[in-house]
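Asks: My file is coords.txt. It has compact mmCIF, C-alpha atoms:
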```
# COMPACT_ATOMS: atom_id res chain seq x y z
CA MET A 23 -25.91 67.77 37.06
CA ASP A 24 -27.61 64.43 37.84
CA ILE A 25 -29.89 65.81 40.59
CA GLU A 26 -32.34 68.62 41.17
CA HIS A 27 -32.14 70.13 44.64
CA PHE A 28 -35.14 70.65 46.85
CA TYR A 29 -34.89 74.05 48.49
CA VAL A 30 -36.82 76.64 50.48
CA GLU A 31 -36.69 80.18 49.11
CA LYS A 32 -37.81 83.34 50.84
CA GLY A 33 -37.11 87.06 50.92
CA ASN A 34 -35.40 89.66 48.78
CA GLY A 35 -31.99 91.25 48.71
CA ASP A 36 -28.52 89.75 48.42
CA PRO A 37 -28.53 85.94 48.13
CA LEU A 38 -27.85 83.99 51.34
CA ILE A 39 -27.49 80.21 51.00
CA LEU A 40 -27.96 77.94 54.04
CA LEU A 41 -26.37 74.46 54.11
CA HIS A 42 -27.52 71.96 56.76
CA GLY A 43 -25.52 69.20 58.46
CA ASN A 44 -25.18 65.44 58.08
CA GLY A 45 -28.43 63.47 57.95
CA GLU A 46 -30.53 66.63 58.19
CA ASP A 47 -32.35 68.86 55.71
CA SER A 48 -33.24 72.48 55.16
CA SER A 49 -35.77 72.41 58.03
CA TYR A 50 -32.83 72.59 60.45
CA PHE A 51 -32.83 76.32 59.79
CA LYS A 52 -36.43 76.87 60.90
CA GLY A 53 -35.18 79.49 63.36
CA GLN A 54 -33.20 81.34 60.69
CA VAL A 55 -35.11 81.44 57.39
CA ASP A 56 -37.84 83.92 58.35
CA GLU A 57 -35.47 86.14 60.28
CA PHE A 58 -32.80 86.26 57.58
CA ALA A 59 -35.43 86.70 54.84
CA LYS A 60 -36.30 90.12 56.28
CA GLN A 61 -33.03 91.38 54.78
CA TYR A 62 -31.77 88.71 52.37
CA HIS A 63 -32.91 86.41 49.58
CA VAL A 64 -32.60 83.13 51.44
CA TYR A 65 -32.11 79.71 49.86
CA ALA A 66 -32.10 76.75 52.29
CA ILE A 67 -31.01 73.69 50.32
CA ASP A 68 -31.36 69.96 50.87
CA THR A 69 -27.98 68.56 49.83
CA ARG A 70 -27.54 65.43 47.71
CA GLY A 71 -29.17 62.38 49.31
CA HIS A 72 -30.63 64.44 52.15
CA GLY A 73 -34.22 65.47 52.76
CA ARG A 74 -36.11 65.71 49.48
CA THR A 75 -33.08 65.88 47.20
CA PRO A 76 -32.29 62.58 45.45
CA ARG A 77 -29.03 60.69 45.91
CA GLY A 78 -28.15 60.60 42.22
CA GLU A 79 -25.22 58.64 40.85
CA ALA A 80 -22.29 60.97 41.56
CA PRO A 81 -19.87 60.35 44.46
CA PHE A 82 -21.28 60.95 47.94
CA THR A 83 -18.56 63.29 49.19
CA ILE A 84 -18.17 66.78 50.60
CA ARG A 85 -16.31 67.86 47.47
CA GLN A 86 -19.11 66.59 45.25
CA PHE A 87 -21.61 68.52 47.36
CA ALA A 88 -19.53 71.67 46.80
CA ASP A 89 -19.71 71.08 43.05
CA ASP A 90 -23.45 70.48 43.43
CA LEU A 91 -23.72 73.90 45.07
CA LEU A 92 -21.99 75.48 42.09
CA GLY A 93 -24.53 73.77 39.84
CA PHE A 94 -27.39 75.07 41.98
CA MET A 95 -26.06 78.62 41.82
CA ASP A 96 -25.57 78.44 38.07
CA GLU A 97 -29.07 77.02 37.59
CA HIS A 98 -30.60 79.83 39.63
CA ARG A 99 -28.34 82.48 38.12
CA ILE A 100 -26.76 83.36 41.45
CA GLY A 101 -23.43 84.90 40.57
CA LYS A 102 -22.28 85.45 44.14
CA ALA A 103 -23.82 84.70 47.53
CA HIS A 104 -23.28 84.81 51.24
CA ILE A 105 -22.94 81.19 52.35
CA LEU A 106 -23.73 79.83 55.81
CA GLY A 107 -22.87 76.21 56.45
CA PHE A 108 -23.54 74.17 59.58
CA SER A 109 -21.46 71.08 60.47
CA ASP A 110 -21.03 69.11 57.21
CA GLY A 111 -22.64 72.12 55.54
CA GLY A 112 -19.79 74.19 56.94
CA ASN A 113 -17.35 71.72 55.46
CA ILE A 114 -19.07 72.03 52.08
CA ALA A 115 -18.88 75.81 52.41
CA MET A 116 -15.13 75.68 53.20
CA ILE A 117 -14.41 73.55 50.15
CA PHE A 118 -16.62 75.74 47.99
CA ALA A 119 -14.95 78.96 49.18
CA MET A 120 -11.51 77.51 48.38
CA LYS A 121 -12.50 76.12 45.00
CA TYR A 122 -14.80 78.89 43.78
CA PRO A 123 -13.70 82.05 45.63
CA LYS A 124 -15.35 84.46 43.18
CA ARG A 125 -18.78 82.98 43.94
CA VAL A 126 -18.65 83.74 47.69
CA ASP A 127 -19.45 87.08 49.26
CA ARG A 128 -19.33 86.48 53.02
CA LEU A 129 -18.79 83.07 54.60
CA ILE A 130 -20.18 81.73 57.89
CA LEU A 131 -18.78 78.43 59.17
CA ASN A 132 -20.80 76.99 62.06
CA GLY A 133 -19.44 73.87 63.77
CA ALA A 134 -17.22 72.92 60.83
CA ASN A 135 -14.19 70.62 61.06
CA LEU A 136 -11.15 69.90 58.93
CA ASP A 137 -11.06 66.17 59.69
CA ALA A 138 -12.28 63.56 62.16
CA LYS A 139 -9.58 64.55 64.66
CA GLY A 140 -11.44 67.78 65.27
CA VAL A 141 -14.42 65.95 66.78
CA ARG A 142 -14.58 64.97 70.45
CA ARG A 143 -13.70 61.30 70.75
CA SER A 144 -16.82 60.60 72.81
CA THR A 145 -18.81 61.60 69.72
CA GLN A 146 -16.52 60.30 67.01
CA ILE A 147 -15.91 56.75 68.30
CA PRO A 148 -19.59 55.65 68.02
CA ILE A 149 -19.69 57.16 64.53
CA GLU A 150 -16.66 55.15 63.47
CA ILE A 151 -18.09 51.94 64.95
CA GLY A 152 -21.41 52.53 63.20
CA TYR A 153 -19.60 53.19 59.93
CA ARG A 154 -17.66 49.92 60.11
CA ILE A 155 -20.85 47.96 60.85
CA ALA A 156 -22.79 49.66 58.03
CA ARG A 157 -19.93 49.11 55.59
CA ARG A 158 -19.87 45.42 56.45
CA PHE A 159 -23.57 45.03 55.55
CA SER A 160 -23.74 47.64 52.77
CA GLY A 161 -23.90 44.99 50.06
CA LYS A 162 -26.91 43.30 51.66
CA SER A 163 -29.14 46.22 52.55
CA ASP A 164 -30.00 49.56 50.91
CA GLN A 165 -30.43 51.09 54.35
CA ALA A 166 -26.99 49.86 55.45
CA LYS A 167 -25.50 51.36 52.28
CA LYS A 168 -27.20 54.68 53.00
CA ASN A 169 -25.95 54.61 56.60
CA MET A 170 -22.44 53.79 55.40
CA GLU A 171 -22.45 56.78 53.05
CA MET A 172 -23.83 59.18 55.66
CA LEU A 173 -21.44 58.05 58.40
CA GLY A 174 -18.61 57.93 55.89
CA LEU A 175 -18.89 61.69 55.44
CA MET A 176 -17.94 62.07 59.12
CA VAL A 177 -15.16 59.47 58.98
CA ASN A 178 -13.48 60.09 55.64
CA ASP A 179 -14.26 63.75 54.91
CA PRO A 180 -13.44 66.56 54.45
CA ASN A 181 -9.68 66.14 55.13
CA ILE A 182 -8.67 69.76 54.65
CA ARG A 183 -5.18 70.86 55.65
CA PRO A 184 -5.08 74.05 57.75
CA GLN A 185 -2.72 75.73 55.27
CA GLU A 186 -5.29 75.23 52.49
CA LEU A 187 -7.62 77.64 54.28
CA LYS A 188 -5.36 80.51 53.25
CA MET A 189 -7.03 80.13 49.85
CA ILE A 190 -10.26 81.54 51.29
CA ARG A 191 -10.63 85.19 50.32
CA ALA A 192 -14.13 85.83 51.64
CA LYS A 193 -14.67 87.67 54.89
CA THR A 194 -15.39 84.83 57.28
CA LEU A 195 -17.22 84.28 60.56
CA VAL A 196 -16.29 81.08 62.40
CA ILE A 197 -18.96 80.33 65.01
CA ALA A 198 -19.50 77.39 67.36
CA GLY A 199 -21.23 76.46 70.60
CA THR A 200 -19.50 76.68 73.96
CA LYS A 201 -20.28 72.97 74.44
CA ASP A 202 -19.76 71.98 70.82
CA MET A 203 -18.80 68.45 69.77
CA ILE A 204 -16.07 70.11 67.70
CA LEU A 205 -13.04 70.71 69.89
CA LYS A 206 -12.61 74.36 70.80
CA SER A 207 -8.95 74.19 69.83
CA HIS A 208 -9.94 72.84 66.41
CA THR A 209 -12.44 75.65 65.83
CA GLN A 210 -9.70 78.08 66.87
CA LEU A 211 -7.34 76.45 64.35
CA ILE A 212 -9.85 76.98 61.55
CA ALA A 213 -10.28 80.65 62.47
CA ASP A 214 -6.53 81.20 62.80
CA SER A 215 -5.94 79.63 59.38
CA ILE A 216 -8.42 81.82 57.46
CA PRO A 217 -6.97 85.28 56.85
CA GLY A 218 -8.81 87.98 58.79
CA SER A 219 -11.60 85.72 60.05
CA ARG A 220 -13.71 86.45 63.12
CA LEU A 221 -14.23 83.79 65.81
CA VAL A 222 -17.30 83.69 68.06
CA PHE A 223 -18.50 81.13 70.60
CA ILE A 224 -22.15 81.30 71.64
CA GLU A 225 -23.88 79.51 74.49
CA GLY A 226 -24.96 76.02 73.57
CA SER A 227 -24.06 72.73 71.93
CA HIS A 228 -23.16 71.85 68.36
CA PHE A 229 -26.78 72.69 67.51
CA ALA A 230 -26.70 76.21 68.94
CA ALA A 231 -28.27 77.74 65.82
CA ASN A 232 -31.32 75.54 66.32
CA LYS A 233 -31.45 75.74 70.12
CA ASN A 234 -30.28 79.32 70.65
CA PRO A 235 -31.44 81.09 67.46
CA GLU A 236 -31.67 84.60 68.93
CA GLU A 237 -27.98 84.84 69.79
CA PHE A 238 -26.89 82.94 66.69
CA ASN A 239 -28.97 85.09 64.34
CA LYS A 240 -27.72 88.31 65.91
CA GLU A 241 -24.07 87.30 65.44
CA VAL A 242 -24.67 86.27 61.83
CA LEU A 243 -26.67 89.35 60.90
CA ASP A 244 -24.20 91.72 62.57
CA PHE A 245 -21.42 90.02 60.61
CA LEU A 246 -23.28 90.19 57.30
CA LYS A 247 -24.07 93.87 57.83
CA GLY A 248 -20.44 94.57 58.70
CA VAL A 249 -21.15 95.51 62.30
CA SER A 250 -18.72 92.93 63.72
CA ALA A 251 -16.57 92.12 60.69
```
For the structure just supplied, provide its representation as structure tokens.
Replies:
Amino acid sequence: MDIEHFYVEKGNGDPLILLHGNGEDSSYFKGQVDEFAKQYHVYAIDTRGHGRTPRGEAPFTIRQFADDLLGFMDEHRIGKAHILGFSDGGNIAMIFAMKYPKRVDRLILNGANLDAKGVRRSTQIPIEIGYRIARRFSGKSDQAKKNMEMLGLMVNDPNIRPQELKMIRAKTLVIAGTKDMILKSHTQLIADSIPGSRLVFIEGSHFAANKNPEEFNKEVLDFLKGVSA
């Protein structure tokens, strides 16, 4: 692998990997790490080109990030883990669970989407405009190139077909905010397409885990312990 991930590690028990969203880093989960570490061995990772993890030379795509996660798990001798992904992190987790099903114990998808159509247009249109502008200037500025790659993840990725989600074998919790930027019908589609998954909406926006950690953490921990699975 051409990069070495920065990560935060805490706790003991079964491995639980946390994957942040677009343009963020592992600090997004400041309301989760300590709480989850009481019962699990938590790894909060900065994905490729985010936070303190270098960009490297490999493609800047959700599927590459999923392969990066496999490399991280192999490097740290994690045979199987619970995986919680938020937003683009949820998209990485979906791809990973389809591609490497034997490496996933339980799966939590928070604010994930199959494609750009799942995002509210009021949110998606500015992203698409910003992407086109950044792409136009990407050859003239390193910052524009970085912006193009980041925004491109939300324009061109992950492009998962609903029927592909039948490949997921892990017990799955699909969770989103009541005022999420991901359409409620789209979140419902994801849950309906994953065999036996559980769907929960909690009070808040797309960033409910960060803004409403008590309710979010309870739902996740109950699911991991089998209380609500």
Asks: Pick out the closest residue to Glu236 (chain A) from this set: A:Ala88, A:Ile224, A:Met172, A:Ala198. Count all atoms listed in the file.
Replies: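 Answer, going by the shortest atom-to-atom distance: A:Ile224.
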Asks: Would you compute the distance between CA of Tyr65 (chain A) and CA of Thr209 (chain A)? Give it in Å to one decimal.
Replies: 25.7 Å
Asks: Out of A:Asn44, A:Gly199, A:Arg158, A:Gly218, which residue has the shortest atom-to-atom distance to Asn232 (chain A) when counting all atoms listed in the file?
Replies: A:Gly199
Asks: Using all atoms listed in the file, which of A:Glu186, A:Glu171, A:Asp202, A:Asp179 sits nearest His72 (chain A)?
Replies: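 Checking each candidate against His72 (chain A), we get A:Glu171 as the closest.
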Asks: Out of A:Thr83, A:Asn34, A:Asn132, A:Gln146, which residue has the shortest atom-to-atom distance to Glu241 (chain A) when counting only C-alpha atoms?
Replies: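 Looking only at the distances to Glu241 (chain A), the closest residue turns out to be A:Asn132.
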Asks: Interatomic distance between CA of Arg85 (chain A) and CA of Lys201 (chain A)?
Replies: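 One can read the CA of Arg85 (chain A) to CA of Lys201 (chain A) distance as 27.7 Å.
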Asks: Taking only C-alpha atoms into account, name the residue in A:Met116, A:Asp164, A:Glu46, A:Val126 that is nearest to Lys188 (chain A).
Replies: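 Nearest candidate to Lys188 (chain A) out of A:Met116, A:Asp164, A:Glu46, A:Val126: A:Met116.
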Asks: Looking at A:Gln54, A:Glu31, A:His63, A:Asn135, which one is nearest to Gly112 (chain A), with distances taken over all atoms listed in the file?
Replies: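 That would be A:Asn135, the residue with the smallest distance to Gly112 (chain A).
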Asks: With only C-alpha atoms as the counted atoms, please give the residues lying no more than 10 Å from Arg125 (chain A), apart from itself and same-chain residues fewer than 6 positions off, as a list in words.
Replies: Leu92, Met95, Ile100, Gly101, Lys102, Ala103, His104, Ile105, Phe118, Ala119 and Ala192 of chain A
Asks: List every protein, DNA or RNA residue that has an atom no more than 6 Å from (-31.6, 89.2, 49.6) in the file's coordinate frame, counting all atoms listed in the file, and report them as number ranges by chain.
Replies: A: 34-37, 61-63
